[in-house]
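Below is one structure; the comments refer to it alone.
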Amino acid sequence: MTTSERSAATEGIVVLGVPRTGTTLLRRLLNGHRDIYCPGETFLLASAARFLQSDSVADGIDYGVLGGLAAAGIPREQALADVRGLVESIFRRIAARAGKPRWASKTAVDSFYVDEIEKLMAGHVRFVCIVRHGVDTALSLKDLCDANESFIREIHAYVARYSRPLVAFAQLWADVTTSLLGLAERRAEDTTLLMYEDLVAQPAATLARLATFLGLEPGSLGTEALGQDAPSGLGDWKTYGKAGIESSSIGRWRSLGPTSLHLLAPIVNPVLARAGYEEIAAPPAPDADQAMRRYEITMGMQAKRSRVREPGRD
């Protein structure tokens with residue numbers, strides 16, 4: 001099958017990435033192409049994935065939609081085809097309304113359901129996975145949750161398990177990124193993996209590679225789209241404050257203290273290495289006695305300042 005034949009058969013594009021890894025930036029770049037419409041976050045694929053989730057009970061019985069429908073006489077593949085047909089028909093309708101022949105889907109929480117989305121859509125779409133440095137992502141996730149004053153359900157599941165937010169976000173990144181890397185390895189023919197840092201540092205080369213993968217004309221994906229599109233639909237508010245690509249958020253992890261890096265390095269390092277990043281040099285464990293002495297010194301200084309501000313008070 002030629003590139004053009006393959007892209008015609010799989011006109012759909014599914015963007016997958018942990019929230020705050022550049023998925024909205026990628027959405028804006030794809031939507032800027034004359035033939036691709038990528039709407040705001042629809043949650044359609046995440047909802048379809050949750051619909052297909054199931055448990056395995058005694059003797060491996062599929063205790064979920066597919067198992068239940070199979071028992072009712074609807075084969076598994078037919079049920080998947082029916083759900084896929086619904087998803088594709090909605091995206092095609094949205095793209096047609098925008099006057100474009102191809103659709104793309106970007107909803108950041110889709111990346112929490114890689115296995116189900118692969119089961120549903122593999123062979124029928126092109127997957128574009130984007131990854132970003134794990135600790136930079138953890139810091140940006142904290143910014144996102146602070147701004148939203150809440151945790152979406154997929155993120156809250158990690159916050160409920162880990163008492164330190166950055167540890168929760170780092171573990172989330174490690175788990176989801178592992179799923180994305182697995183998808184890219186299993187389905188190399190219809191999946192491409194982008195690094196956020198490459199997109200920021202070498203946008204022209206990165207977008208040229210992406211255009212080739214998607215069967216688009218060379219040079220038809222460019223950053224000029226960022227200065228043209230207007231905010232629409234649900235998505236990451238932060239990227240719409242920028243009309244171009246900038247690198248100010250790269251390497252934020254270097255500002256963290258040794259205690260935080262000591263906790264985060266063992267979580268992210270195996271996945272960083274697998275994704276092509278350098279591992280973080282893990283600082284030694286903090287000395288509890290020294291930490292207590294610093295704490296006591298700080299408290300003593302605070303108390304002294306308080307007495308200076310309020311003379312005559314015991």
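Order determines the names: the first chain of the structure tokens is A, the second B, and so forth; residues in each chain are numbered 1 upward, and ligands are numbered 1 upward as they are shown.
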Taking a cut-off of 12 Å and counting only C-alpha atoms, can you build a table that, for each residue of stretch 106-211 of chain A near stretch 224-228 of chain A, reports the nearest atom pair and how far apart they are in Å (one decimal), sorted by chain then residue number, as a Markdown table?
| residue | atom | partner | partner_atom | distance |
| --- | --- | --- | --- | --- |
| A:Pro203 | CA | A:Glu224 | CA | 11.0 |
| A:Ala204 | CA | A:Glu224 | CA | 10.9 |
| A:Leu207 | CA | A:Glu224 | CA | 11.9 |
Per DSSP on the backbone, filter stretch 81-153 of chain A down to the residues in helix (DSSP H, G or I) and report them as an mmCIF file with C-alpha atoms, in the first residue's frame.
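Contents of the output file part-v7.cif:
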data_model
loop_
_atom_site.group_PDB
_atom_site.id
_atom_site.type_symbol
_atom_site.label_atom_id
_atom_site.label_comp_id
_atom_site.auth_asym_id
_atom_site.auth_seq_id
_atom_site.Cartn_x
_atom_site.Cartn_y
_atom_site.Cartn_z
ATOM 1 C CA ALA A 81 -16.829 -1.958 14.522
ATOM 2 C CA ASP A 82 -20.167 -0.496 15.626
ATOM 3 C CA VAL A 83 -18.546 1.707 18.297
ATOM 4 C CA ARG A 84 -15.766 2.706 15.899
ATOM 5 C CA GLY A 85 -18.329 3.587 13.252
ATOM 6 C CA LEU A 86 -20.080 5.923 15.699
ATOM 7 C CA VAL A 87 -16.802 7.637 16.647
ATOM 8 C CA GLU A 88 -15.661 8.037 13.042
ATOM 9 C CA SER A 89 -19.038 9.284 11.824
ATOM 10 C CA ILE A 90 -19.070 12.052 14.433
ATOM 11 C CA PHE A 91 -15.527 13.178 13.637
ATOM 12 C CA ARG A 92 -16.213 13.072 9.891
ATOM 13 C CA ARG A 93 -19.316 15.191 10.384
ATOM 14 C CA ILE A 94 -17.364 17.745 12.407
ATOM 15 C CA ALA A 95 -14.604 17.899 9.780
ATOM 16 C CA ALA A 96 -17.127 18.191 6.939
ATOM 17 C CA ARG A 97 -18.782 21.140 8.659
ATOM 18 C CA ALA A 108 -5.269 14.913 26.501
ATOM 19 C CA VAL A 109 -6.995 12.435 28.846
ATOM 20 C CA ASP A 110 -7.249 9.955 25.950
ATOM 21 C CA SER A 111 -3.689 8.968 26.817
ATOM 22 C CA PHE A 112 -4.948 7.311 30.010
ATOM 23 C CA TYR A 113 -6.830 4.790 27.845
ATOM 24 C CA VAL A 114 -4.185 3.725 25.318
ATOM 25 C CA ASP A 115 -5.031 0.012 25.448
ATOM 26 C CA GLU A 116 -8.755 0.543 24.820
ATOM 27 C CA ILE A 117 -8.188 3.144 22.087
ATOM 28 C CA GLU A 118 -5.698 0.869 20.369
ATOM 29 C CA LYS A 119 -8.223 -1.981 20.510
ATOM 30 C CA LEU A 120 -10.888 0.261 19.019
ATOM 31 C CA MET A 121 -9.031 2.346 16.433
ATOM 32 C CA GLY A 134 8.969 13.656 32.954
ATOM 33 C CA VAL A 135 9.809 16.188 35.652
ATOM 34 C CA ASP A 136 9.074 19.179 33.423
ATOM 35 C CA THR A 137 5.694 17.544 32.794
ATOM 36 C CA ALA A 138 5.121 16.982 36.519
ATOM 37 C CA LEU A 139 5.798 20.658 37.250
ATOM 38 C CA SER A 140 3.470 21.762 34.457
ATOM 39 C CA LEU A 141 0.747 19.383 35.670
ATOM 40 C CA LYS A 142 0.968 21.046 39.071
ATOM 41 C CA ASP A 143 0.490 24.437 37.378
ATOM 42 C CA LEU A 144 -2.531 23.082 35.504
ATOM 43 C CA CYS A 145 -4.205 21.662 38.607
ATOM 44 C CA ASP A 146 -3.519 24.835 40.592
ATOM 45 C CA ALA A 147 -5.068 26.945 37.818
ATOM 46 C CA ASN A 148 -8.110 24.666 37.527
ATOM 47 C CA ARG A 153 -10.640 12.142 37.600
#
Compile the contact shell of A:Gln202 as an NGL selection string: residues with an atom at most 12 Å away, counting only C-alpha atoms, same-chain residues fewer than 5 positions apart removed. :A and (194-197 or 207-209 or 222-223 or 245-247)
Excluding A:Leu263 and residues on its chain fewer than 6 positions from it, collect all residues at most 10 Å away from it, counting only C-alpha atoms, and give them as JSON, numbers by chain. {"A": [164, 166, 167, 170, 282, 283, 284, 285]}
Of the candidates A:Asp190, A:Glu296, A:Asp198, A:Asp62, which one gets nearest to A:Glu11 if we count only C-alpha atoms?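 Closest candidate: A:Asp190.
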Counting only C-alpha atoms, which residue out of A:Pro19, A:Gly276, A:Pro75, A:Gly182 sits closest to A:Glu154?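 Ranking A:Pro19, A:Gly276, A:Pro75, A:Gly182 by distance to A:Glu154, first place goes to A:Pro19.
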Could you state the separation of atom CA of A:Ile250 and atom CA of A:Val176 in Å, given to one decimal place?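 Distance between the two atoms: 19.9 Å.
Take the candidates A:Gly300, A:Gly60, A:Gly233, A:Pro270 and check each one against A:Thr24 using only C-alpha atoms; the shortest distance goes to A:Gly233.
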Closest of A:Ser220, A:Gln78, A:Ser47, A:Thr191 to A:Gly32, counting only C-alpha atoms, is A:Ser220
Compile the contact shell of A:Thr212 as a ChimeraX atom specification: residues with an atom at most 10 Å away, counting only C-alpha atoms, same-chain residues fewer than 6 positions apart removed. /A:3,218-221
Keeping only N, CA and C atoms, write the selected residues as a short mmCIF file (atom, residue, chain, number, x, y, z; two decimals), in the first residue's frame.
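Saved to selection12.cif:
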data_model
loop_
_atom_site.label_atom_id
_atom_site.label_comp_id
_atom_site.auth_asym_id
_atom_site.auth_seq_id
_atom_site.Cartn_x
_atom_site.Cartn_y
_atom_site.Cartn_z
N THR A 3 1.85 5.35 0.37
CA THR A 3 1.56 6.32 1.43
C THR A 3 0.22 6.99 1.21
N PRO A 218 5.02 17.87 1.45
CA PRO A 218 6.15 18.44 2.19
C PRO A 218 5.95 19.94 2.40
N GLY A 219 6.26 20.40 3.61
CA GLY A 219 6.14 21.82 3.91
C GLY A 219 4.74 22.32 4.20
N SER A 220 3.76 21.41 4.20
CA SER A 220 2.37 21.86 4.39
C SER A 220 1.99 22.02 5.86
N LEU A 221 2.85 21.58 6.77
CA LEU A 221 2.65 21.83 8.20
C LEU A 221 3.68 22.87 8.64
#
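Taking atom CA of A:Asn31 and atom CA of A:Pro101 as the two end points, the separation is 11.9 Å.
Shortest separation to A:Cys38 among A:Ser232, A:Ala160, A:Trp173, A:Ala71 occurs at residue A:Ser232, atoms counted being only C-alpha atoms.
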Near A:Gln53, within 9 Å and counting only C-alpha atoms, which residues show up once chain neighbours fewer than 2 positions away are dropped, as a ChimeraX atom specification? /A:48-51,55,64-66,116
All residues 9 Å or closer to A:Val131, only C-alpha atoms, same chain fewer than 4 positions away omitted, as a compact mmCIF listing (two decimals) with N, CA and C atoms, in the first residue's frame:
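This is the output file selection-v6.txt:
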# COMPACT_ATOMS: atom_id res chain seq x y z
N LEU A 16 -2.03 11.57 20.99
CA LEU A 16 -1.99 11.04 22.35
C LEU A 16 -0.78 11.62 23.08
N GLY A 17 -0.99 12.03 24.31
CA GLY A 17 0.10 12.55 25.12
C GLY A 17 -0.41 12.92 26.49
N VAL A 18 0.44 12.80 27.49
CA VAL A 18 0.10 13.23 28.84
C VAL A 18 -0.30 14.71 28.81
N THR A 21 2.06 18.08 27.71
CA THR A 21 3.25 17.66 26.96
C THR A 21 3.26 18.22 25.55
N GLY A 22 2.38 19.18 25.25
CA GLY A 22 2.36 19.79 23.93
C GLY A 22 1.23 19.31 23.05
N THR A 177 3.38 7.44 29.84
CA THR A 177 4.42 7.46 28.81
C THR A 177 4.86 6.04 28.46
N LEU A 180 2.41 4.86 25.98
CA LEU A 180 2.61 5.47 24.66
C LEU A 180 3.80 4.85 23.94
N LEU A 181 4.88 4.60 24.67
CA LEU A 181 6.06 3.98 24.06
C LEU A 181 5.73 2.57 23.59
N LEU A 193 6.24 8.85 17.02
CA LEU A 193 6.53 9.37 18.35
C LEU A 193 7.33 10.66 18.21
N LEU A 194 6.79 11.74 18.77
CA LEU A 194 7.47 13.04 18.74
C LEU A 194 7.92 13.41 20.14
N MET A 195 9.04 14.08 20.22
CA MET A 195 9.49 14.64 21.50
C MET A 195 9.16 16.13 21.50
N TYR A 196 8.55 16.58 22.56
CA TYR A 196 8.18 17.99 22.69
C TYR A 196 9.40 18.88 22.51
N GLU A 197 10.51 18.46 23.07
CA GLU A 197 11.72 19.27 22.99
C GLU A 197 12.19 19.42 21.54
N ALA A 275 12.70 6.57 26.56
CA ALA A 275 12.17 7.55 25.61
C ALA A 275 13.26 8.35 24.90
How many Å separate atom CA of A:Arg20 from atom CA of A:Glu185? 22.7 Å
